[in-house]
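Novice: The following block contains the structure, expressed as structure tokens.
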Amino acid sequence: MAKQKTTEPEEPLEKKLWKTADKLRKNMDAAEYKHVVLGLIFLKYISDAFEELHQLLLEGKGEYEGADPEDRNEYIAEKVFYVPPSSRWTWLQGRAKLPTIGKDIDDAMDAIEKDNPTSLRGVLPKVYAQEKLDKASLGSLIDLISTATLGTKEAQGKDVLGRVFEYFLGEFALAEGKKGGQFYTPGSVVKLLVEMLEPYEGRVFDPCCGSGGMFVQSEKFIKAHSRGEPLRSPNNRNGKSLSTNPADRISIYGQESNQTTWRLCKMNLAIRGIDSSNVKWNNEGSFLNDAHRDLKADFIIANPPFNDSDWSGELLQTDGRWQYGAPPAGNANYAWIQHFLYHLAPNGLAGFVLSKGSLTTKSGGEFEIRKALIDNDLLECVVNLPTKLFLNTQIPACLWFLRRGKAVRKGEVLFVDARNMGHLA
């Protein structure tokens, strides 16, 4: 009896795209190349969405009868970015083999920002005309991305772009090694934080938001737990059913000190249709220039830099945020903890990553601050994480959960030892 041929499962689109795109990188650093690739992927997405609606407007049937396909307001009404003619993917693809393609793309990005200033001003990369970017490779990259349909209604329903963007962020973070941790938190850690916090509704804040993974996962959490039905949140005291649309349920607030990372975040949120108007950039960071000074958030989700010694602590020793004691100038861990507490609503909950040493340190007044947190019944839970989870450090990590206005387990702290849980993906 002849053996039946077994067919290998088809490789996911995101992995196929990554393998080819990475080969085209040649001598360019991953830190720079990620903006080249992710910018083009974003451009393909918004162009796909635009072209699909543009075709419907051209046909002028049903609700689109008499509509002008070049009227920007038609696209705004459908929550689709307007793409001017010289920025559309089909036009750029036709010029992919020309030596001017780099400048053409930079001009296209600039034109898109001008036509969509509210959400995209200063966000899109204009890095394509630089001499070190091989124009033949750039043309090949355009041809490669052209093979993927990213922005149509069908593709959006399957979250094609979301998968591609997240996968590429992760692979670039791996390629960058230590520096990759500045913009990327491993998906497993983000998912655990969000699942434990359960941000069903309210204001979600990340004051060191990187490329926006915490916000994206919060949206995924809502969708996963709604299953198309109105949802009742355990934190919803009036018992009313909640909308299944994340945009109706949570509002996000963020801050990022690295401008290029902030741009990645804005693009990452834009492809999800998440309002990023309250995600702010300034190069001074959350401590010196708090962009949301008056915000009291229902949920804070964050992965601040571990043991950061360069946080300008010597300038802030009398800051009003240090309710439980001034943090040491040489380590920002306990400054972050109190910054989070300062921004928590009366019944708010914060979950964040810190180095494991934060649990036992006694230097610079940290022991006294930690004792005050426990005495004031603010610490709800600690999770001890497995080693080697993070790209940017070998320092062991843990999760802290702080809650204002504890309703259960008053006077208690839950400790979860997860050092030997999970597996390498």
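Each chain in the structure tokens gets a letter, A, B, ..., in the order shown, and its residues are numbered from 1; ligands are numbered from 1 in order too.
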How would you write, as number ranges by chain, the set of residues in segment 106-222 of chain A that DSSP gives as alpha helix (DSSP H)?

Specialist: A: 106-115, 117-120, 135-146, 153-157, 160-176, 187-197, 213-222

Novice: Would you kindly return, as a PyMOL selection string, each protein, DNA or RNA residue with an atom no farther than 12 Å from any atom of Trp311 of chain A, considering only C-alpha atoms and excluding same-chain residues fewer than 3 positions away?

Specialist: chain A and resi 257+283-289+304-308+314-317+327-336

Novice: Here is a test: counting only C-alpha atoms, which residue of A:Glu154, A:Lys280, A:Gly357, A:Asp375 is nearest to Tyr324 of chain A?

Specialist: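 Answer, going by the shortest atom-to-atom distance: A:Asp375.
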
Novice: Could you pull the residues within 7 Å of segment 131-148 of chain A, counting only C-alpha atoms, minus those fewer than 5 positions along the same chain, as a ChimeraX atom specification?

Specialist: /A:21,24,41,93,96-97,99,102

Novice: Go ahead and write the selection's residues with N, CA and C atoms as a PDB file, in the first residue's frame.

Specialist:
ATOM      1  N   ALA A  21      12.364  39.900   4.035  1.00  0.00           N
ATOM      2  CA  ALA A  21      12.687  41.294   4.366  1.00  0.00           C
ATOM      3  C   ALA A  21      14.038  41.386   5.066  1.00  0.00           C
ATOM      4  N   LEU A  24      16.963  41.295   2.744  1.00  0.00           N
ATOM      5  CA  LEU A  24      17.160  42.532   1.988  1.00  0.00           C
ATOM      6  C   LEU A  24      17.847  43.622   2.817  1.00  0.00           C
ATOM      7  N   ILE A  41       5.166  48.809   5.703  1.00  0.00           N
ATOM      8  CA  ILE A  41       4.025  47.947   6.045  1.00  0.00           C
ATOM      9  C   ILE A  41       2.821  48.808   6.427  1.00  0.00           C
ATOM     10  N   GLN A  93       4.540  51.438  -6.224  1.00  0.00           N
ATOM     11  CA  GLN A  93       5.028  50.156  -6.730  1.00  0.00           C
ATOM     12  C   GLN A  93       5.471  50.286  -8.193  1.00  0.00           C
ATOM     13  N   ALA A  96       9.028  51.476  -8.199  1.00  0.00           N
ATOM     14  CA  ALA A  96       9.922  50.766  -7.276  1.00  0.00           C
ATOM     15  C   ALA A  96      11.329  50.551  -7.828  1.00  0.00           C
ATOM     16  N   LYS A  97      11.470  50.467  -9.142  1.00  0.00           N
ATOM     17  CA  LYS A  97      12.789  50.192  -9.731  1.00  0.00           C
ATOM     18  C   LYS A  97      13.525  51.466 -10.158  1.00  0.00           C
ATOM     19  N   PRO A  99      15.623  54.998  -9.579  1.00  0.00           N
ATOM     20  CA  PRO A  99      16.609  55.438  -8.564  1.00  0.00           C
ATOM     21  C   PRO A  99      16.049  56.477  -7.597  1.00  0.00           C
ATOM     22  N   GLY A 102      13.454  56.229  -3.214  1.00  0.00           N
ATOM     23  CA  GLY A 102      13.605  56.646  -1.818  1.00  0.00           C
ATOM     24  C   GLY A 102      12.971  57.993  -1.554  1.00  0.00           C
TER      25      GLY A 102
END

Novice: Take atom CA of Leu295 of chain A and atom CA of Gly405 of chain A and report the distance between them in Å, one decimal.

Specialist: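 About the pair atom CA of Leu295 of chain A and atom CA of Gly405 of chain A: they are 17.6 Å apart.
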
Novice: Based on DSSP run over this structure's backbone, return all residues of segment 98-316 of chain A in strand (DSSP E), as a ChimeraX atom specification.

Specialist: /A:202-206,250-256,279-281,297-302

Novice: One decimal, in Å: what's the spacing between atom CA of Arg249 of chain A and atom CA of Tyr200 of chain A?

Specialist: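 If I compute the distance from atom CA of Arg249 of chain A to atom CA of Tyr200 of chain A, I get 6.9 Å.
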